[in-house]
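Shown next: structure13.cif, given as mmCIF, C-alpha atoms and all ligand atoms.
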```cif
data_work
loop_
_atom_site.label_atom_id
_atom_site.label_comp_id
_atom_site.auth_asym_id
_atom_site.auth_seq_id
_atom_site.Cartn_x
_atom_site.Cartn_y
_atom_site.Cartn_z
CA MET F 104 13.31 -83.80 -30.67
CA LYS F 105 13.83 -80.47 -32.41
CA LEU F 106 12.74 -77.03 -31.19
CA ASN F 107 13.44 -73.51 -32.39
CA ILE F 108 13.25 -71.26 -29.35
CA LEU F 109 13.07 -67.50 -29.57
CA VAL F 110 14.65 -65.86 -26.53
CA THR F 111 13.39 -62.38 -25.66
CA ALA F 112 15.34 -61.66 -22.49
CA GLY F 113 14.00 -58.13 -22.09
CA ASP F 114 14.91 -55.79 -19.25
CA GLY F 115 16.48 -55.71 -15.80
CA ILE F 116 17.38 -59.17 -14.55
CA GLY F 117 15.73 -60.74 -17.64
CA PRO F 118 19.00 -61.35 -19.55
CA GLU F 119 20.85 -62.82 -16.54
CA VAL F 120 18.18 -65.31 -15.54
CA THR F 121 17.33 -66.22 -19.13
CA ASN F 122 21.00 -67.02 -19.81
CA GLU F 123 20.91 -69.64 -17.10
CA ALA F 124 17.64 -71.11 -18.36
CA VAL F 125 19.09 -71.40 -21.87
CA ALA F 126 22.28 -72.99 -20.53
CA VAL F 127 20.23 -75.69 -18.76
CA LEU F 128 18.30 -76.36 -21.96
CA GLN F 129 21.56 -76.60 -23.90
CA GLU F 130 22.90 -79.10 -21.39
CA ILE F 131 19.79 -81.24 -21.84
CA ALA F 132 20.01 -81.03 -25.63
CA THR F 133 23.62 -82.18 -25.56
CA LEU F 134 22.92 -85.04 -23.14
CA GLY F 135 19.83 -86.32 -24.94
CA GLY F 136 20.78 -85.68 -28.56
CA HIS F 137 17.99 -83.14 -28.97
CA GLU F 138 18.24 -80.22 -31.34
CA LEU F 139 17.44 -76.99 -29.60
CA SER F 140 18.26 -73.81 -31.46
CA PHE F 141 18.07 -70.36 -29.94
CA MET F 142 17.59 -66.97 -31.54
CA GLU F 143 17.57 -63.70 -29.56
CA LYS F 144 15.40 -60.64 -30.13
CA ARG F 145 14.56 -57.48 -28.25
CA ILE F 146 11.36 -56.76 -26.31
CA GLY F 147 10.31 -54.21 -23.68
CA GLY F 148 12.44 -51.28 -22.54
CA VAL F 149 15.57 -52.37 -24.43
CA ALA F 150 13.49 -52.39 -27.61
CA ILE F 151 12.02 -48.94 -26.85
CA VAL F 152 15.56 -47.57 -26.57
CA ALA F 153 17.00 -49.38 -29.61
CA ASP F 154 14.00 -49.57 -31.95
CA GLY F 155 11.53 -46.99 -30.66
CA THR F 156 8.86 -49.59 -29.89
CA PRO F 157 8.43 -52.22 -27.15
CA LEU F 158 7.67 -54.97 -29.70
CA PRO F 159 9.67 -54.53 -32.93
CA ALA F 160 8.27 -56.22 -36.04
CA ASP F 161 11.27 -58.51 -36.43
CA THR F 162 10.81 -59.77 -32.86
CA LEU F 163 7.18 -60.53 -33.57
CA ASP F 164 7.97 -62.22 -36.90
CA ALA F 165 10.66 -64.36 -35.28
CA ALA F 166 8.26 -65.26 -32.44
CA LEU F 167 5.56 -66.37 -34.86
CA ALA F 168 8.09 -68.45 -36.79
CA SER F 169 9.43 -70.18 -33.66
CA ASP F 170 8.25 -73.28 -31.79
CA ALA F 171 8.38 -71.58 -28.39
CA VAL F 172 9.21 -68.16 -26.96
CA LEU F 173 11.18 -67.78 -23.73
CA LEU F 174 10.74 -64.33 -22.23
CA GLY F 175 12.77 -62.88 -19.36
CA ALA F 176 11.08 -59.80 -17.94
CA VAL F 177 10.07 -56.33 -19.11
CA GLY F 178 9.91 -52.95 -17.40
CA GLY F 179 12.15 -50.30 -15.93
CA ASN F 180 11.84 -47.22 -13.77
CA GLU F 181 12.81 -44.86 -16.60
CA PHE F 182 9.56 -45.76 -18.40
CA ASN F 183 7.24 -45.26 -15.43
CA SER F 184 5.85 -41.94 -16.62
CA LEU F 185 4.83 -43.26 -20.06
CA PRO F 186 1.17 -44.08 -20.84
CA PRO F 187 0.27 -47.80 -20.81
CA ASP F 188 0.45 -48.23 -24.60
CA LYS F 189 4.02 -46.85 -24.80
CA ARG F 190 5.52 -48.76 -21.89
CA PRO F 191 7.68 -51.90 -21.98
CA GLU F 192 4.69 -53.87 -20.63
CA ALA F 193 2.78 -53.03 -23.84
CA GLY F 194 5.32 -55.14 -25.74
CA LEU F 195 4.57 -58.10 -23.50
CA LEU F 196 0.81 -57.71 -23.88
CA ALA F 197 1.18 -57.36 -27.66
CA ILE F 198 3.28 -60.51 -28.00
CA ARG F 199 0.83 -62.42 -25.77
CA ALA F 200 -2.04 -61.33 -28.02
CA ALA F 201 -0.17 -62.13 -31.24
CA LEU F 202 0.91 -65.60 -30.11
CA GLY F 203 -2.66 -66.28 -29.04
CA GLY F 204 -2.06 -68.34 -25.91
CA PHE F 205 -5.04 -67.80 -23.63
CA ALA F 206 -4.24 -70.22 -20.80
CA ASN F 207 -1.41 -69.07 -18.56
CA LEU F 208 -0.32 -71.93 -16.30
CA ARG F 209 1.36 -70.79 -13.11
CA PRO F 210 2.33 -73.54 -10.70
CA ALA F 211 2.92 -72.50 -7.10
CA PHE F 212 4.32 -75.06 -4.75
CA ALA F 213 6.00 -75.09 -1.38
CA PHE F 214 9.68 -75.94 -1.16
CA LYS F 215 10.41 -77.38 2.26
CA GLU F 216 13.86 -75.77 2.29
CA LEU F 217 12.41 -72.32 1.67
CA ALA F 218 9.70 -72.56 4.32
CA VAL F 219 11.75 -70.26 6.59
CA ASN F 220 11.44 -67.53 3.96
CA SER F 221 7.67 -67.57 4.07
CA PRO F 222 5.82 -65.36 6.53
CA LEU F 223 3.35 -68.28 6.75
CA ARG F 224 3.91 -71.01 9.29
CA PRO F 225 5.62 -74.13 7.86
CA GLU F 226 2.72 -76.41 8.83
CA ILE F 227 0.35 -74.25 6.76
CA ILE F 228 2.35 -74.32 3.53
CA GLU F 229 3.87 -77.78 3.73
CA GLY F 230 2.80 -79.86 0.75
CA ALA F 231 0.95 -77.03 -0.97
CA ASP F 232 0.83 -77.56 -4.73
CA ILE F 233 -1.47 -75.28 -6.69
CA LEU F 234 -1.69 -74.88 -10.44
CA PHE F 235 -3.18 -71.54 -11.37
CA VAL F 236 -4.77 -71.24 -14.78
CA ARG F 237 -4.95 -67.52 -15.50
CA GLU F 238 -6.94 -66.39 -18.56
CA LEU F 239 -4.43 -64.22 -20.40
CA LEU F 240 -6.09 -62.52 -23.35
CA GLY F 241 -9.28 -61.01 -22.01
CA GLY F 242 -10.72 -58.96 -19.19
CA LEU F 243 -9.50 -55.52 -18.21
CA TYR F 244 -6.12 -55.99 -19.89
CA PHE F 245 -7.61 -56.03 -23.39
CA GLY F 246 -11.23 -54.85 -23.07
CA GLN F 247 -12.36 -51.83 -25.09
CA PRO F 248 -13.15 -49.02 -24.57
CA ARG F 249 -10.28 -47.88 -22.39
CA GLU F 250 -9.18 -44.32 -21.90
CA TRP F 251 -7.90 -41.68 -19.52
CA ASN F 252 -9.76 -38.56 -20.52
CA ARG F 253 -7.66 -35.75 -19.10
CA GLU F 254 -10.20 -33.03 -19.90
CA SER F 255 -13.08 -34.61 -18.07
CA GLY F 256 -10.88 -36.13 -15.41
CA GLU F 257 -12.37 -39.59 -15.98
CA ALA F 258 -10.74 -42.85 -16.90
CA TRP F 259 -12.24 -46.21 -17.76
CA ASN F 260 -11.31 -49.77 -18.60
CA THR F 261 -13.63 -52.52 -19.68
CA MET F 262 -13.83 -55.97 -18.19
CA ARG F 263 -15.24 -58.06 -21.00
CA TYR F 264 -15.42 -61.79 -21.69
CA THR F 265 -17.35 -63.87 -24.17
CA ARG F 266 -18.78 -67.28 -23.33
CA SER F 267 -16.38 -69.00 -25.72
CA GLU F 268 -13.36 -67.22 -24.19
CA VAL F 269 -14.37 -68.52 -20.78
CA ALA F 270 -15.23 -71.99 -22.04
CA ARG F 271 -11.89 -72.56 -23.81
CA VAL F 272 -9.76 -71.66 -20.80
CA ALA F 273 -12.09 -73.60 -18.50
CA ARG F 274 -11.56 -76.73 -20.64
CA VAL F 275 -7.79 -76.40 -20.30
CA ALA F 276 -8.17 -76.09 -16.52
CA PHE F 277 -10.53 -79.08 -16.24
CA GLU F 278 -8.21 -81.22 -18.38
CA LEU F 279 -5.26 -80.35 -16.14
CA ALA F 280 -7.32 -81.02 -13.01
CA ALA F 281 -8.39 -84.40 -14.40
CA ARG F 282 -4.69 -85.37 -14.53
CA ARG F 283 -3.98 -84.05 -11.02
CA ARG F 284 -6.05 -84.22 -7.83
CA LYS F 285 -9.33 -83.72 -9.71
CA LYS F 286 -10.39 -80.54 -8.02
CA LEU F 287 -11.04 -77.23 -9.74
CA THR F 288 -11.63 -73.94 -7.95
CA SER F 289 -13.01 -71.20 -10.17
CA VAL F 290 -12.49 -67.68 -8.85
CA ASP F 291 -14.76 -64.76 -9.69
CA LYS F 292 -16.66 -61.83 -8.20
CA ALA F 293 -20.12 -63.04 -9.19
CA ASN F 294 -21.75 -61.29 -6.24
CA VAL F 295 -21.00 -57.95 -7.92
CA LEU F 296 -19.93 -58.31 -11.57
CA GLU F 297 -22.00 -59.43 -14.57
CA VAL F 298 -18.78 -60.61 -16.25
CA SER F 299 -18.25 -62.91 -13.29
CA GLN F 300 -21.83 -64.20 -13.53
CA LEU F 301 -21.17 -65.16 -17.14
CA TRP F 302 -17.86 -66.68 -16.01
CA ARG F 303 -19.51 -68.77 -13.29
CA ALA F 304 -22.39 -69.95 -15.51
CA THR F 305 -20.01 -70.94 -18.28
CA VAL F 306 -17.58 -72.81 -16.03
CA THR F 307 -20.54 -74.65 -14.44
CA GLU F 308 -21.70 -75.65 -17.94
CA VAL F 309 -18.24 -76.85 -19.03
CA ALA F 310 -17.99 -78.88 -15.80
CA LYS F 311 -20.61 -81.28 -17.20
CA GLU F 312 -17.98 -82.47 -19.71
CA PHE F 313 -15.70 -83.42 -16.82
CA PRO F 314 -17.76 -85.44 -14.33
CA GLY F 315 -14.58 -86.76 -12.68
CA VAL F 316 -13.48 -83.30 -11.55
CA ALA F 317 -15.05 -81.62 -8.51
CA LEU F 318 -15.81 -77.95 -9.14
CA GLU F 319 -16.10 -75.25 -6.52
CA HIS F 320 -16.55 -71.49 -6.93
CA GLN F 321 -14.90 -68.88 -4.74
CA TYR F 322 -15.15 -65.12 -4.66
CA VAL F 323 -11.79 -63.50 -5.32
CA ASP F 324 -11.67 -61.58 -2.03
CA ALA F 325 -12.33 -64.72 0.00
CA MET F 326 -9.90 -66.66 -2.17
CA ALA F 327 -7.12 -64.16 -1.44
CA MET F 328 -7.50 -65.19 2.19
CA HIS F 329 -8.02 -68.94 1.65
CA ILE F 330 -4.76 -69.18 -0.31
CA LEU F 331 -2.87 -68.03 2.75
CA ASN F 332 -4.97 -69.86 5.35
CA ARG F 333 -5.27 -73.26 3.72
CA PRO F 334 -3.22 -73.48 0.51
CA ARG F 335 -3.20 -77.30 0.55
CA ASP F 336 -6.94 -77.37 -0.13
CA PHE F 337 -6.46 -76.17 -3.71
CA ASP F 338 -5.43 -78.13 -6.76
CA VAL F 339 -6.21 -76.28 -10.02
CA VAL F 340 -7.38 -72.67 -9.65
CA LEU F 341 -9.02 -71.06 -12.67
CA THR F 342 -9.50 -67.32 -12.91
CA GLU F 343 -9.71 -64.29 -15.18
CA ASN F 344 -6.77 -62.14 -16.19
CA LEU F 345 -6.45 -59.49 -13.46
CA PHE F 346 -7.54 -61.73 -10.59
CA GLY F 347 -4.94 -64.24 -11.81
CA ASP F 348 -2.24 -61.58 -11.94
CA ILE F 349 -2.91 -60.68 -8.32
CA LEU F 350 -3.45 -64.16 -6.87
CA THR F 351 -0.31 -65.60 -8.50
CA ASP F 352 1.94 -62.93 -7.02
CA GLU F 353 0.28 -63.61 -3.69
CA SER F 354 1.02 -67.31 -4.05
CA GLY F 355 4.73 -66.43 -4.17
CA VAL F 356 4.34 -66.29 -0.41
CA ILE F 357 3.70 -70.05 -0.38
CA THR F 358 6.88 -70.72 -2.31
CA GLY F 359 8.89 -68.29 -0.23
CA SER F 360 10.00 -66.14 -3.16
CA LEU F 361 8.47 -64.76 -6.32
CA GLY F 362 11.81 -65.60 -7.90
CA MET F 363 10.87 -69.30 -7.89
CA LEU F 364 7.67 -69.17 -9.96
CA PRO F 365 7.56 -70.28 -13.60
CA SER F 366 4.78 -69.93 -16.15
CA ALA F 367 3.70 -71.34 -19.50
CA THR F 368 1.07 -69.90 -21.79
CA ILE F 369 -0.60 -72.44 -24.04
CA GLY F 370 -3.53 -72.76 -26.42
CA GLY F 371 -2.38 -70.37 -29.15
CA LYS F 372 -0.16 -70.51 -32.24
CA VAL F 373 3.11 -70.51 -30.29
CA ASN F 374 3.52 -71.18 -26.58
CA LEU F 375 5.03 -68.40 -24.50
CA TYR F 376 7.14 -69.13 -21.43
CA GLU F 377 8.00 -66.53 -18.80
CA PRO F 378 8.85 -66.52 -15.12
CA VAL F 379 6.24 -64.75 -12.98
CA HIS F 380 8.76 -62.33 -11.45
CA GLY F 381 9.43 -58.89 -12.87
CA SER F 382 12.55 -57.13 -14.12
CA ALA F 383 13.81 -56.16 -10.61
CA PRO F 384 15.87 -53.18 -11.88
CA ASP F 385 17.33 -52.55 -8.41
CA ILE F 386 19.38 -55.76 -8.50
CA ALA F 387 19.93 -56.07 -12.27
CA GLY F 388 23.41 -56.77 -13.59
CA LYS F 389 24.87 -57.60 -10.18
CA GLY F 390 24.71 -61.38 -10.29
CA LEU F 391 22.21 -61.31 -7.43
CA ALA F 392 19.13 -62.43 -9.34
CA ASN F 393 17.57 -65.81 -8.70
CA PRO F 394 17.57 -67.81 -11.97
CA LEU F 395 15.43 -70.66 -10.59
CA GLY F 396 12.09 -69.22 -11.78
CA ALA F 397 13.55 -68.96 -15.29
CA ILE F 398 15.11 -72.43 -15.04
CA LEU F 399 11.77 -73.91 -13.90
CA THR F 400 10.22 -72.10 -16.86
CA ALA F 401 12.70 -73.93 -19.11
CA ALA F 402 11.34 -77.17 -17.65
CA LEU F 403 7.87 -76.14 -18.78
CA ILE F 404 9.18 -75.62 -22.35
CA LEU F 405 10.39 -79.22 -22.37
CA ARG F 406 7.09 -80.45 -20.90
CA TYR F 407 4.58 -78.49 -22.99
CA SER F 408 6.48 -77.81 -26.24
CA GLY F 409 9.01 -80.64 -26.33
CA GLY F 410 7.05 -83.53 -24.85
CA LEU F 411 10.14 -84.32 -22.74
CA GLU F 412 8.50 -85.11 -19.40
CA ALA F 413 11.49 -86.95 -17.91
CA GLU F 414 13.82 -84.07 -18.71
CA ALA F 415 11.34 -81.49 -17.37
CA ALA F 416 11.02 -83.50 -14.15
CA ALA F 417 14.81 -83.78 -13.94
CA ILE F 418 15.12 -79.98 -13.94
CA GLU F 419 12.45 -79.68 -11.26
CA SER F 420 14.01 -82.29 -9.01
CA SER F 421 17.45 -80.74 -9.56
CA VAL F 422 16.14 -77.41 -8.31
CA ARG F 423 14.82 -79.16 -5.20
CA LYS F 424 18.12 -80.92 -4.78
CA VAL F 425 20.32 -77.80 -4.91
CA LEU F 426 18.01 -76.21 -2.35
CA GLU F 427 18.30 -79.32 -0.14
CA GLN F 428 22.07 -79.01 -0.40
CA GLY F 429 21.79 -75.52 1.03
CA PHE F 430 22.55 -73.47 -2.07
CA ARG F 431 20.74 -70.15 -2.22
CA THR F 432 20.75 -66.94 -4.20
CA PRO F 433 20.70 -63.86 -1.90
CA ASP F 434 16.90 -63.41 -2.20
CA LEU F 435 16.46 -66.97 -0.93
CA ALA F 436 19.10 -66.77 1.77
CA ARG F 437 17.75 -63.56 3.27
CA GLY F 438 19.13 -63.37 6.78
CA ASN F 439 19.25 -67.15 7.21
CA THR F 440 22.85 -67.85 6.34
CA GLN F 441 23.34 -70.77 8.70
CA GLY F 442 24.13 -73.98 6.82
CA VAL F 443 23.57 -72.11 3.62
CA THR F 444 25.92 -71.33 0.72
CA VAL F 445 25.05 -68.11 -1.06
CA LEU F 446 25.61 -68.30 -4.83
CA SER F 447 25.55 -65.78 -7.65
CA THR F 448 23.11 -66.08 -10.54
CA LYS F 449 25.71 -67.87 -12.68
CA GLU F 450 26.88 -70.16 -9.89
CA MET F 451 23.31 -71.20 -9.17
CA GLY F 452 22.77 -71.94 -12.87
CA ALA F 453 25.92 -74.05 -12.93
CA LYS F 454 24.82 -76.01 -9.83
CA VAL F 455 21.48 -76.85 -11.41
CA ARG F 456 23.17 -77.94 -14.67
CA GLU F 457 25.56 -80.17 -12.77
CA THR F 458 22.67 -81.80 -10.93
CA VAL F 459 20.55 -82.18 -14.08
CA LYS F 460 23.49 -83.92 -15.72
CA GLU F 461 23.87 -86.38 -12.83
CA GLN F 462 20.16 -87.13 -12.86
CA LEU F 463 19.88 -87.67 -16.60
CA VAL F 464 23.01 -89.81 -16.75
CA ALA F 465 21.53 -91.87 -13.90
CA ILE F 466 18.21 -92.27 -15.76
CA SER F 467 19.83 -93.35 -19.02
CA SER F 468 22.30 -95.83 -17.48
C1 LIG O 1 2.71 -60.77 -15.02
C2 LIG O 1 3.09 -59.31 -15.05
C3 LIG O 1 2.48 -58.67 -16.29
C4 LIG O 1 0.96 -58.79 -16.19
C5 LIG O 1 2.90 -57.21 -16.52
C6 LIG O 1 4.40 -57.06 -16.58
C7 LIG O 1 2.26 -56.63 -17.75
O1 LIG O 1 2.68 -58.69 -13.87
O2 LIG O 1 3.02 -61.49 -15.99
O3 LIG O 1 2.12 -61.21 -14.03
O4 LIG O 1 0.32 -57.96 -15.53
O5 LIG O 1 0.42 -59.73 -16.78
MG MG O 2 1.93 -60.04 -12.42
#
```
Could you quickly redo this structure as structure tokens?
Amino acid sequence: MKLNILVTAGDGIGPEVTNEAVAVLQEIATLGGHELSFMEKRIGGVAIVADGTPLPADTLDAALASDAVLLGAVGGNEFNSLPPDKRPEAGLLAIRAALGGFANLRPAFAFKELAVNSPLRPEIIEGADILFVRELLGGLYFGQPREWNRESGEAWNTMRYTRSEVARVARVAFELAARRRKKLTSVDKANVLEVSQLWRATVTEVAKEFPGVALEHQYVDAMAMHILNRPRDFDVVLTENLFGDILTDESGVITGSLGMLPSATIGGKVNLYEPVHGSAPDIAGKGLANPLGAILTAALILRYSGGLEAEAAAIESSVRKVLEQGFRTPDLARGNTQGVTVLSTKEMGAKVRETVKEQLVAISS
């Protein structure tokens, strides 16, 4: 297998965690005789400083010429006063749009070992395993018109979807559900919004193509509560861009840390892979960041761009294993240091690589 991966590590903890994800991928390439090549380009705040724009043309060109893009994180406090189209986040939205992936897959599952980190009771989260499918190219993030009119003191954004935009992401969600527990929950606000009425009607229509999958609809406000009350009841959860942004951060509570959540964006020209967490500028550069979200994102590259299911699963089970063995980054250890070994970003990466190696050698012998 051969893959050209563009690495856009971005800002804050992005470079540190991405380094560890790349190192795990390199380990797997070496062990399995796969050719993975990596190129690095700037995005976000670092690109604003160096190139005057959050998405330089050579980053975009390299992304479009690659087989997969691995992104770290974007954003920093020094850019907080800039308007949305000048901020680091604009670079991320622009690369998402250019690559064309509309289905953002965000798995959220409970790790038994991290249950103590969750404010939810262990018996509530145990066994929870949700796959969010967040529409990534529509809704309020991209809808026109949008403006802050300083003279009139008004501002507006537009939540807009077409039937085909809803149908294509719904198909991805149904297909994934068909391969899992065959249940799809579509989240909207159809009691108030026309866009959500279109969303609900379209998803209901697409459901006819997937008679084996049970479809339910939930309003987003109720869903925000159900996720915390009964997370095990959900399998695949389909929703529009902003609702998905919010609900997936919320689901970090199930996992015990936002630092554990990976994501893959598929359906476009080039798949884009990014952990759900942000750039965490307060802890950047100190070796405190949790690389496991980025490492689990690397697993998704192997699964969705490399077709290497066994290797992807080996990364995922290695992450479980190092947690079982009591290894934690500081965000995961919190106050609970009993029976726990606190590791730096690099040490945690090395532990996962060691375990991946053991697992893959065991599989192949
Ligand atoms: C995410 C992030 C981004 C988003 C930001 C950084 C633009 O919160 O990937 O969830 O809102 O999509
Ligand atoms: Mg978000």
Would you be able to write out as a JSON list (two decimals) with C-alpha atoms, in the coordinates of the input which residues have an atom within 12 Å of (-18.1, -80.8, -14.2) in the file's coordinates, counting only C-alpha atoms?
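Done, and the output landed in point-v5.json:
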```json
[["chain", "number", "residue", "atom", "x", "y", "z"],
["F", 273, "ALA", "CA", -12.09, -73.60, -18.50],
["F", 274, "ARG", "CA", -11.56, -76.73, -20.64],
["F", 276, "ALA", "CA", -8.17, -76.09, -16.52],
["F", 277, "PHE", "CA", -10.53, -79.08, -16.24],
["F", 278, "GLU", "CA", -8.21, -81.22, -18.38],
["F", 280, "ALA", "CA", -7.32, -81.02, -13.01],
["F", 281, "ALA", "CA", -8.39, -84.40, -14.40],
["F", 285, "LYS", "CA", -9.33, -83.72, -9.71],
["F", 286, "LYS", "CA", -10.39, -80.54, -8.02],
["F", 287, "LEU", "CA", -11.04, -77.23, -9.74],
["F", 288, "THR", "CA", -11.63, -73.94, -7.95],
["F", 289, "SER", "CA", -13.01, -71.20, -10.17],
["F", 304, "ALA", "CA", -22.39, -69.95, -15.51],
["F", 305, "THR", "CA", -20.01, -70.94, -18.28],
["F", 306, "VAL", "CA", -17.58, -72.81, -16.03],
["F", 307, "THR", "CA", -20.54, -74.65, -14.44],
["F", 308, "GLU", "CA", -21.70, -75.65, -17.94],
["F", 309, "VAL", "CA", -18.24, -76.85, -19.03],
["F", 310, "ALA", "CA", -17.99, -78.88, -15.80],
["F", 311, "LYS", "CA", -20.61, -81.28, -17.20],
["F", 312, "GLU", "CA", -17.98, -82.47, -19.71],
["F", 313, "PHE", "CA", -15.70, -83.42, -16.82],
["F", 314, "PRO", "CA", -17.76, -85.44, -14.33],
["F", 315, "GLY", "CA", -14.58, -86.76, -12.68],
["F", 316, "VAL", "CA", -13.48, -83.30, -11.55],
["F", 317, "ALA", "CA", -15.05, -81.62, -8.51],
["F", 318, "LEU", "CA", -15.81, -77.95, -9.14],
["F", 319, "GLU", "CA", -16.10, -75.25, -6.52],
["F", 320, "HIS", "CA", -16.55, -71.49, -6.93]]
```
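Proximity ranking of F:Leu301, F:Phe430, F:Ile398, F:Ile227 relative to F:Asn332 places F:Ile227 first, based on only C-alpha atoms.
You will find atom CA of F:Pro187 at 25.1 Å from atom CA of F:Leu109.
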Coordinates-based distance that separates atom CA of F:Gly381 from atom CA of F:Val149 (Å, one decimal): 14.6 Å
Residues within 7 Å of F:Leu399, please, as a list in words. Count only C-alpha atoms; anything in the same chain fewer than 6 positions from it doesn't count. Pro365, Ile418 and Glu419 of chain F
Calculate, to one decimal in Å, the centre and edge lengths of the box along x, y and z of the file that holds all listed atoms of stretch 295-314 of chain F with 8 Å of margin on each side, and present them as JSON.
```
{"center_x": -19.0, "center_y": -71.7, "center_z": -13.8, "size_x": 22.7, "size_y": 43.5, "size_z": 27.8}
```
As an exercise, work out the distance from atom CA of F:Leu350 to atom CA of F:Ala327 in Å and give it to one decimal place.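 Straight-line distance from atom CA of F:Leu350 to atom CA of F:Ala327 works out to 6.6 Å.
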Best match for closeness to ligand MG 2 (chain O) among F:Glu229, F:Asp324, F:Asp161, F:Asp352, counting all atoms listed in the file: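 Of all the options, F:Asp352 lies closest to ligand MG 2 (chain O).
Of the residues under consideration (F:Val379, F:Met363, F:Leu240, F:Ile151), F:Leu240 shows the shortest atom-to-atom contact distance to F:Val269 when counting only C-alpha atoms.
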